[in-house]
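Asker: Sharing a structure here in structure tokens format.
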Amino acid sequence: MKPGELLNNHLRVARHYQGSTEVTAVQDMIRAMRSQVATSTTTTNTSTTNPSAPTKSPSEFTTNPSASISSTPTSVTDLPASDPSHKNESDSESNGENLDPDFEADDDLNAYFEDPNPSNDRHKWLVGFYRYLNTPDCGRKRNKNRGQHARQVQKILEDLDSGGGDINILSEDEGYIVWTEWVDPKMEDLSSGTIRSYLGTYQMFLNYVTMERVRAGQVPDLPSDVLLILRATIPKLKGWRKTVDLEMRPQRNQKRLDECDYRLTTLDVDLSQLS
């Protein structure tokens, strides 16, 4: 179990304690459910002894009280998820789920990443990365996901060096510029899941940039120091994502606590079914 996951599980079913009224409500609910089962049993017996009543097969009804009760959700987690933020956010780093609120599928954007004649080295890197995402190394991602990942890298580059023609900016400050000038400020505006999604994409991009190539000329040339810095940054990104998670955890926990004021509980669902 991941750190904090136990707390999150408890928070999902947490609700305000209502004292003795809560105990009374539960007892009333159980009595009502037993009454429904007894009524169903009586109706079944009457139908069996009445010759004029249509015959039913045993599969059409049940006289087992536990069978009726078991159909009731036992916890809030049994209910259909209505809030996508409750999904395990770490999944987004590997499955390409769209966690970027600014991302929208755009044919013109995909055309930019499929341009056969890139305008500069940065454009060439992004076009190459877009193609790389369709290889088995990256799980042959769908076009929508490929566009999202390429767009995320493009956004980082444009935020750090708007209008630049290469990717050398990523090596500034031994590669920590991405943390100090992009990740750190974005923690004020974006969710931890969105930022970790960007960092997961950034890691895939650095893997593509720094991979060893036998034949020259397939990608733009990079200065040797830039290449070494980017290659050394890759193993650090796991720690970056963990830091984002730890620093933004109080914010997420507070959000879940606030949701306890309006989230349906098991008791709410049971009472609504009996009404």
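In the structure tokens, the first chain shown is A, the next is B, and so on; residue numbers restart at 1 for each chain, and ligands run from 1 in the order shown.
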For A:Leu199, list every protein, DNA or RNA residue within 10 Å, evaluated using only C-alpha atoms, and leave out those in the same chain fewer than 5 positions away; present the list as a PDB file with C-alpha atoms, in the first residue's frame.

Answerer:
```pdb
ATOM      1  CA  GLU A  93       1.855   8.817 -15.845  1.00  0.00           C
ATOM      2  CA  GLN A 152       3.084  18.863 -22.945  1.00  0.00           C
ATOM      3  CA  VAL A 153       6.759  18.910 -23.942  1.00  0.00           C
ATOM      4  CA  ILE A 156       7.362  23.243 -21.120  1.00  0.00           C
ATOM      5  CA  VAL A 178      12.578  22.669 -15.350  1.00  0.00           C
ATOM      6  CA  TRP A 179      11.979  22.303 -11.609  1.00  0.00           C
ATOM      7  CA  VAL A 183       7.315  22.680 -11.823  1.00  0.00           C
ATOM      8  CA  GLY A 193      -1.706  14.504 -10.923  1.00  0.00           C
ATOM      9  CA  THR A 194      -1.389  16.943 -13.810  1.00  0.00           C
ATOM     10  CA  MET A 204       9.798   9.871 -22.074  1.00  0.00           C
ATOM     11  CA  PHE A 205      11.051  12.850 -24.064  1.00  0.00           C
ATOM     12  CA  LEU A 237      12.589  12.672 -12.182  1.00  0.00           C
ATOM     13  CA  LYS A 238      11.262   9.923  -9.940  1.00  0.00           C
ATOM     14  CA  TRP A 240      10.719  15.101  -8.506  1.00  0.00           C
ATOM     15  CA  ARG A 241       7.361  13.352  -8.869  1.00  0.00           C
TER      16      ARG A 241
END
```

Asker: Please, what distance in Å, to one decimal, runs between atom CA of A:Gly165 and atom CA of A:Leu222?

Answerer: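 Separating atom CA of A:Gly165 from atom CA of A:Leu222 is a distance of 12.5 Å.
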
Asker: Per residue of stretch 147-237 of chain A within 6 Å of stretch 111-130 of chain A, note the shortest atom pair and the distance in Å to one decimal, counting only C-alpha atoms, and order the rows by chain and increasing residue number, as a Markdown table.

Answerer:
```
| residue | atom | partner | partner_atom | distance |
| --- | --- | --- | --- | --- |
| A:Ala150 | CA | A:Tyr130 | CA | 5.9 |
| A:Gly165 | CA | A:Arg122 | CA | 5.2 |
| A:Asp166 | CA | A:Arg122 | CA | 4.2 |
| A:Ile167 | CA | A:Arg122 | CA | 5.8 |
| A:Pro220 | CA | A:Asp121 | CA | 6.0 |
```

Asker: Rounded to one decimal, what separation in Å do you get between atom CA of A:Leu133 and atom CA of A:Arg231?

Answerer: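 It comes out at 18.7 Å.
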
Asker: Which one is closest to A:Leu227: A:Gly163, A:Gly200, A:Gly175, A:Gly239? Count only C-alpha atoms.

Answerer: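 Using only C-alpha atoms, A:Leu227 sits closest to A:Gly175.
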